[in-house]
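*Asks:* Just dropping this structure here.
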Amino acid sequence: MASPSPPRKADDVGPNRSFGDVDISLHKELLIQKARYCAKPLEKKATSEEKENHSVLEMKATYFKDMIEYFQTGEPEIKEDREEVLSDDAVLKAIMQATESNIFRALPPLVNEKMIDPDDDEEVYYSNWNFLQIVYEYFFRFLIVGAFLEKRQILKKFVNMRFVSRLLELFDSEDSREREYLRMILIRIYAKAMRLRVPIRRRISEIFHEFTYSTERHNGITALLEVLGGIITGFALPVKIQHKIYLERVLLPMHKSPSLSVIHPQLSYCVTQFIDKDHTLAVMVLRGLFKFWPTLNSSKELLLLSELEEVLELTRAEEFELCLQSISRRLAAGICSSHFQICQRTLFFWHNDYIASMIAQYKEDVFPVVYPALKSASVHWNNQVAELSQNVLNIFSELDPELVDKCESEAAAIKKSEAEATSRRKKLWELLSEEKKPQNSK
């Protein structure tokens with residue numbers, strides 16, 4: 001009778017074995033060996049070694065998939081043992097080395113010199129993405145299954161600000177699939193690691209500053225703004241002073257970026273989330289928008305008009321009153337614009353019931369400012385602009401006919417005064433011309 005085979009020892013376990021083939025007591029050693037193999041660097045790079053590198057890459061992908069499956073296993077016995085396995089420093093060190101050695105790298109040369117616009121530019125796809133996706137999925141699954149490690153303060157020596165800073169550098173990747181994984185990972189780290197929240201926000205603000213005042217391009221700005229939008233939503237009330245400073249000094253200046261069209265939906269969401277949290281911030285936002293309002297870029301102006309409408313919808317009467325003159329002048333300037341789409345977009349503000357009601361509430365202050373612009377636009381070459389202007393004039397006539405008559409009288413008096421001034425100047429020039437003729441004849 002054959003004697004039973006002895007149980008396998010840790011020394012007998014190789015990374016090529018699967019977790020299902022070994023005893024649960026050996027899972028820890030197997031995980032370490034697989035992770036260490038995955039941390040192995042590729043040779044650089046003789047032509048004769050390319051086949052070897054390719055086989056190593058395939059083996060790495062296989063081991064990463066094995067570890068993902070291990071992280072996702074829901075069997076009670078394995079789950080219970082996995083907590084103990086993942087709490088070991090040697091395991092965590094191997095897992096993090098496998099992650100860092102494969103995702104932290106110099107990004108490929110830029111394909112697009114400017115920021116990628118998803119609506120206009122073709123997507124850029126990295127040739128090694130199939131492998132990178134497996135690595136990102138592996139680390140993301142580790143963060144999910146290892147959430148308990150942060151509570152026990154075991155993870156802090158491995159997932160620290162040095163690691164997160166290197167992660168943030170990868171957000172400039174031109175491959176949108178990589179940026180999406182980075183976004184999910186950053187959200188996960190921010191949610192679980194409270195110790196890193198302040199430095200993460202500070203590092204993101206540094207990236208935004210560099211983008212606004214220096215480089216004017218960064219492919220990860222939209223993804224980082226999406227992360228920030230979720231962070232702002234979770235701010236406690238009352239909003240802290242440092243968060244208000246973040247809004248004023250970091251987010252609002254980003255409206256002057258030449259690439260505003262690429263980042264505007266996410267930027268506008270972050271700004272409106274602040275007002276949704278604290279309505280008094282509407283004054284700061286309105287003043288910031290007017291400060292960075294474009295003068296010669298109609299496409300940017302259309303974007304800011306849309307954002308202005310969203311902000312005004314969240315603005316209460318007391319804040320509206322504080323910015324009344326600035327709002328009135330901006331409406332008048334929009335109606336007077338030489339670009340007919342800007343005229344239309346501004347006049348559409350009166351189609352917004354809330355904004356129209358606020359303007360009606362302060363009609364004595366608003367109408368005298370916008371009346372000359374409305375009167376001029378009522379004879380605009382574009383039929384829709386002329387019709388919209390006349391409709392707004394009719395609204396004011398129904399609200400307060402005496403105010404309209406008063407503004408018309410004042411406008412007529414101003415027009416008469418201007419005509420008289422023009423006539424005086426003309427006569428003065430004629431007199432000067434006549435006085436000069438005799439001198440010339442001598």
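Ligands are numbered from 1 in the order shown, chains are lettered A, B, ... in the order of the structure tokens, and residues start at 1 in each chain.
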Write out, as CSV, each residue of range 184-240 of chain A that has an atom at most 10 Å from range 246-269 of chain A, together with the closest pair of atoms and their distance in Å to one decimal, counting only C-alpha atoms, rows going by chain and rising number.
*Replies:*
residue,atom,partner,partner_atom,distance
A:Arg201,CA,A:Tyr246,CA,9.2
A:Arg202,CA,A:Tyr246,CA,9.3
A:Ile204,CA,A:Val250,CA,9.7
A:Ser205,CA,A:Val250,CA,6.4
A:Glu206,CA,A:Val250,CA,8.8
A:Ile207,CA,A:Val250,CA,9.9
A:Phe208,CA,A:Val250,CA,6.8
A:His209,CA,A:Val250,CA,6.6
A:Phe211,CA,A:Ser257,CA,8.2
A:Thr212,CA,A:Met254,CA,5.7
A:Tyr213,CA,A:Ser257,CA,8.5
A:Glu216,CA,A:Ser257,CA,6.6
A:Arg217,CA,A:Ser259,CA,7.5
A:His218,CA,A:Ser259,CA,9.7
A:Asn219,CA,A:Val262,CA,9.7
A:Gly220,CA,A:Ile263,CA,9.7
A:Ile221,CA,A:Ile263,CA,6.9
A:Thr222,CA,A:Ile263,CA,5.4
A:Ala223,CA,A:Gln266,CA,8.3
A:Leu224,CA,A:Gln266,CA,9.0
A:Leu225,CA,A:Gln266,CA,5.7
A:Glu226,CA,A:Gln266,CA,6.0
A:Val227,CA,A:Gln266,CA,9.5
A:Leu228,CA,A:Gln266,CA,9.1
A:Gly229,CA,A:Tyr269,CA,6.7
A:Gly230,CA,A:Tyr269,CA,9.8
A:Ile232,CA,A:Tyr269,CA,9.9
*Asks:* Need to verify the contact set: Leu237 in chain A, 12 Å, only C-alpha atoms, exclusion of same-chain residues closer than 6 positions in sequence. Can you return it as a list of chain:residue names?
*Replies:*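 What passes the distance filter is A:His243, A:Phe274, A:Asp276, A:Lys277, A:Asp278, A:His279.
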*Asks:* So, with only C-alpha atoms as the atoms that count, which of A:Ala90, A:Cys323, A:Leu286, A:Leu393 lies closest to Leu155 in chain A?
*Replies:*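 So, comparing all the options, the nearest one is A:Ala90.
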*Asks:* Tell me which of A:Lys427, A:Arg166, A:Phe64, A:Glu77 sits closest to Arg105 in chain A, counting only C-alpha atoms.
*Replies:* A:Arg166
*Asks:* Which residues are close to Glu321 in chain A, i.e. within 12 Å by only C-alpha atoms, leaving aside same-chain residues fewer than 5 positions away? Reply as a list in words.
*Replies:* Thr280, Ala282, Val283, Leu286, Leu312, Thr315, Arg316, Ser326, Ile327, Ser328, Met358, Ile359, Gln361, Tyr362, Lys363, Glu364, Asp365 and Val366 of chain A
*Asks:* DSSP on the backbone, alpha helix (DSSP H) only: what residues of range 184-423 of chain A does that give? Format it as a count of residues only.
*Replies:* 178
*Asks:* Can you pull out the residues contacting Ala193 in chain A? Cut-off 9 Å, using only C-alpha atoms, and skip same-chain residues under 3 positions away; I want them as a ChimeraX atom specification.
*Replies:* /A:150-151,156,159,188-190,196-197
*Asks:* Would you kindly return, as a PDB file with all heavy atoms, in the first residue's frame, each protein, DNA or RNA residue with an atom no farther than 9 Å from any atom of range 394-399 of chain A, considering only C-alpha atoms and excluding same-chain residues fewer than 5 positions away?
*Replies:*
ATOM      1  N   ALA A 360     -37.906  91.014 -11.863  1.00  0.00           N
ATOM      2  CA  ALA A 360     -39.150  91.759 -11.635  1.00  0.00           C
ATOM      3  C   ALA A 360     -39.168  92.378 -10.238  1.00  0.00           C
ATOM      4  O   ALA A 360     -39.661  93.492 -10.037  1.00  0.00           O
ATOM      5  CB  ALA A 360     -40.354  90.827 -11.819  1.00  0.00           C
ATOM      6  N   LYS A 363     -36.973  95.504 -10.446  1.00  0.00           N
ATOM      7  CA  LYS A 363     -37.127  96.119 -11.777  1.00  0.00           C
ATOM      8  C   LYS A 363     -36.680  97.580 -11.804  1.00  0.00           C
ATOM      9  O   LYS A 363     -36.160  98.057 -12.811  1.00  0.00           O
ATOM     10  CB  LYS A 363     -38.576  95.993 -12.253  1.00  0.00           C
ATOM     11  CG  LYS A 363     -39.632  96.601 -11.330  1.00  0.00           C
ATOM     12  CD  LYS A 363     -41.021  96.307 -11.844  1.00  0.00           C
ATOM     13  CE  LYS A 363     -42.096  96.945 -10.948  1.00  0.00           C
ATOM     14  NZ  LYS A 363     -42.116  96.379  -9.587  1.00  0.00           N
ATOM     15  N   PHE A 367     -34.179  97.645 -14.905  1.00  0.00           N
ATOM     16  CA  PHE A 367     -34.709  98.092 -16.196  1.00  0.00           C
ATOM     17  C   PHE A 367     -34.015  99.338 -16.747  1.00  0.00           C
ATOM     18  O   PHE A 367     -33.710  99.390 -17.952  1.00  0.00           O
ATOM     19  CB  PHE A 367     -36.225  98.310 -16.107  1.00  0.00           C
ATOM     20  CG  PHE A 367     -36.856  98.590 -17.441  1.00  0.00           C
ATOM     21  CD1 PHE A 367     -36.859  97.627 -18.440  1.00  0.00           C
ATOM     22  CD2 PHE A 367     -37.429  99.823 -17.721  1.00  0.00           C
ATOM     23  CE1 PHE A 367     -37.427  97.870 -19.682  1.00  0.00           C
ATOM     24  CE2 PHE A 367     -37.997 100.084 -18.949  1.00  0.00           C
ATOM     25  CZ  PHE A 367     -37.993  99.100 -19.927  1.00  0.00           C
ATOM     26  N   SER A 389     -36.292  90.623 -27.766  1.00  0.00           N
ATOM     27  CA  SER A 389     -36.143  91.939 -27.117  1.00  0.00           C
ATOM     28  C   SER A 389     -37.484  92.614 -26.919  1.00  0.00           C
ATOM     29  O   SER A 389     -37.764  93.180 -25.855  1.00  0.00           O
ATOM     30  CB  SER A 389     -35.228  92.835 -27.959  1.00  0.00           C
ATOM     31  OG  SER A 389     -33.972  92.248 -28.127  1.00  0.00           O
ATOM     32  N   VAL A 404     -41.533 102.136 -17.507  1.00  0.00           N
ATOM     33  CA  VAL A 404     -41.167 102.091 -18.919  1.00  0.00           C
ATOM     34  C   VAL A 404     -41.261 103.489 -19.528  1.00  0.00           C
ATOM     35  O   VAL A 404     -40.368 103.935 -20.260  1.00  0.00           O
ATOM     36  CB  VAL A 404     -42.057 101.087 -19.686  1.00  0.00           C
ATOM     37  CG1 VAL A 404     -41.765 101.144 -21.182  1.00  0.00           C
ATOM     38  CG2 VAL A 404     -41.832  99.676 -19.156  1.00  0.00           C
ATOM     39  N   ASP A 405     -42.368 104.194 -19.225  1.00  0.00           N
ATOM     40  CA  ASP A 405     -42.533 105.562 -19.749  1.00  0.00           C
ATOM     41  C   ASP A 405     -41.411 106.466 -19.258  1.00  0.00           C
ATOM     42  O   ASP A 405     -40.873 107.286 -20.023  1.00  0.00           O
ATOM     43  CB  ASP A 405     -43.889 106.125 -19.305  1.00  0.00           C
ATOM     44  CG  ASP A 405     -45.053 105.422 -19.984  1.00  0.00           C
ATOM     45  OD1 ASP A 405     -44.815 104.785 -21.035  1.00  0.00           O
ATOM     46  OD2 ASP A 405     -46.185 105.496 -19.451  1.00  0.00           O
TER      47      ASP A 405
END
*Asks:* Which residues are close to Phe349 in chain A, i.e. within 12 Å by only C-alpha atoms, leaving aside same-chain residues fewer than 2 positions away? Reply as JSON, numbers by chain.
*Replies:* {"A": [305, 306, 307, 308, 309, 310, 311, 312, 313, 327, 328, 330, 331, 332, 334, 335, 342, 343, 344, 345, 346, 347, 351, 352, 353, 354, 355, 356, 357, 358, 359, 388, 389, 392]}
*Asks:* Could the residues in this selection be saved with C-alpha atoms as a CSV table (one decimal), in the first residue's frame?
*Replies:*
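Below you can see again.csv, which holds the result:
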chain,number,residue,atom,x,y,z
A,305,LEU,CA,-23.7,82.8,-19.8
A,306,SER,CA,-24.9,79.2,-19.3
A,307,GLU,CA,-23.0,79.0,-16.0
A,308,LEU,CA,-24.3,82.4,-14.9
A,309,GLU,CA,-27.9,81.2,-15.4
A,310,GLU,CA,-27.2,78.2,-13.2
A,311,VAL,CA,-25.6,80.4,-10.5
A,312,LEU,CA,-28.5,82.9,-10.6
A,313,GLU,CA,-31.0,80.0,-10.2
A,327,ILE,CA,-25.8,91.6,-13.0
A,328,SER,CA,-27.7,94.4,-14.8
A,330,ARG,CA,-23.7,92.1,-17.7
A,331,LEU,CA,-27.2,91.5,-19.0
A,332,ALA,CA,-27.1,94.9,-20.9
A,334,GLY,CA,-24.9,90.6,-23.5
A,335,ILE,CA,-28.0,92.1,-25.2
A,342,ILE,CA,-24.8,86.0,-27.2
A,343,CYS,CA,-27.8,88.4,-27.6
A,344,GLN,CA,-30.2,85.4,-27.9
A,345,ARG,CA,-28.6,83.5,-24.9
A,346,THR,CA,-28.8,86.6,-22.7
A,347,LEU,CA,-32.5,87.3,-23.6
A,351,HIS,CA,-37.5,82.4,-20.0
A,352,ASN,CA,-36.2,81.2,-16.6
A,353,ASP,CA,-39.1,81.7,-14.2
A,354,TYR,CA,-36.9,82.2,-11.1
A,355,ILE,CA,-34.5,84.7,-12.7
A,356,ALA,CA,-37.4,86.6,-14.3
A,357,SER,CA,-39.1,86.8,-10.9
A,358,MET,CA,-35.9,88.2,-9.3
A,359,ILE,CA,-35.5,90.8,-12.1
A,388,LEU,CA,-37.1,88.3,-27.9
A,389,SER,CA,-36.1,91.9,-27.1
A,392,VAL,CA,-38.9,91.5,-22.7
*Asks:* Let me make sure I understand: among A:Val369, A:Tyr125, A:Ile241, A:Ala191, which one has the smallest atom-to-atom distance to Ser173 in chain A if we use only C-alpha atoms?
*Replies:*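 Using only C-alpha atoms, the shortest distance to Ser173 in chain A belongs to A:Tyr125.
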*Asks:* In Å, with one decimal, what is the gap from CA of Ser417 in chain A to CA of Asn391 in chain A?
*Replies:*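 Answer for the CA of Ser417 in chain A to CA of Asn391 in chain A separation: 28.4 Å.
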*Asks:* Given the choices A:Glu83, A:Glu169, A:Ile144, A:Ser176, which gets closest to Val124 in chain A if the distance is worked out from only C-alpha atoms?
*Replies:*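 Among the listed residues, A:Ser176 lies closest to Val124 in chain A.
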*Asks:* Any idea what the distance is between CA of Ala421 in chain A and CA of Ser433 in chain A?
*Replies:* 18.4 Å
*Asks:* Return the single residue from A:Asp81, A:Glu319, A:Glu387, A:Asp121 that is closest to Val285 in chain A, with distances computed using only C-alpha atoms.
*Replies:*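 Distance minimum relative to Val285 in chain A lands on A:Glu319.
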*Asks:* Grab the CA of Asp175 in chain A to CA of Glu123 in chain A distance for me, in Å with one decimal place.
*Replies:*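 Those two atoms sit 7.2 Å apart.
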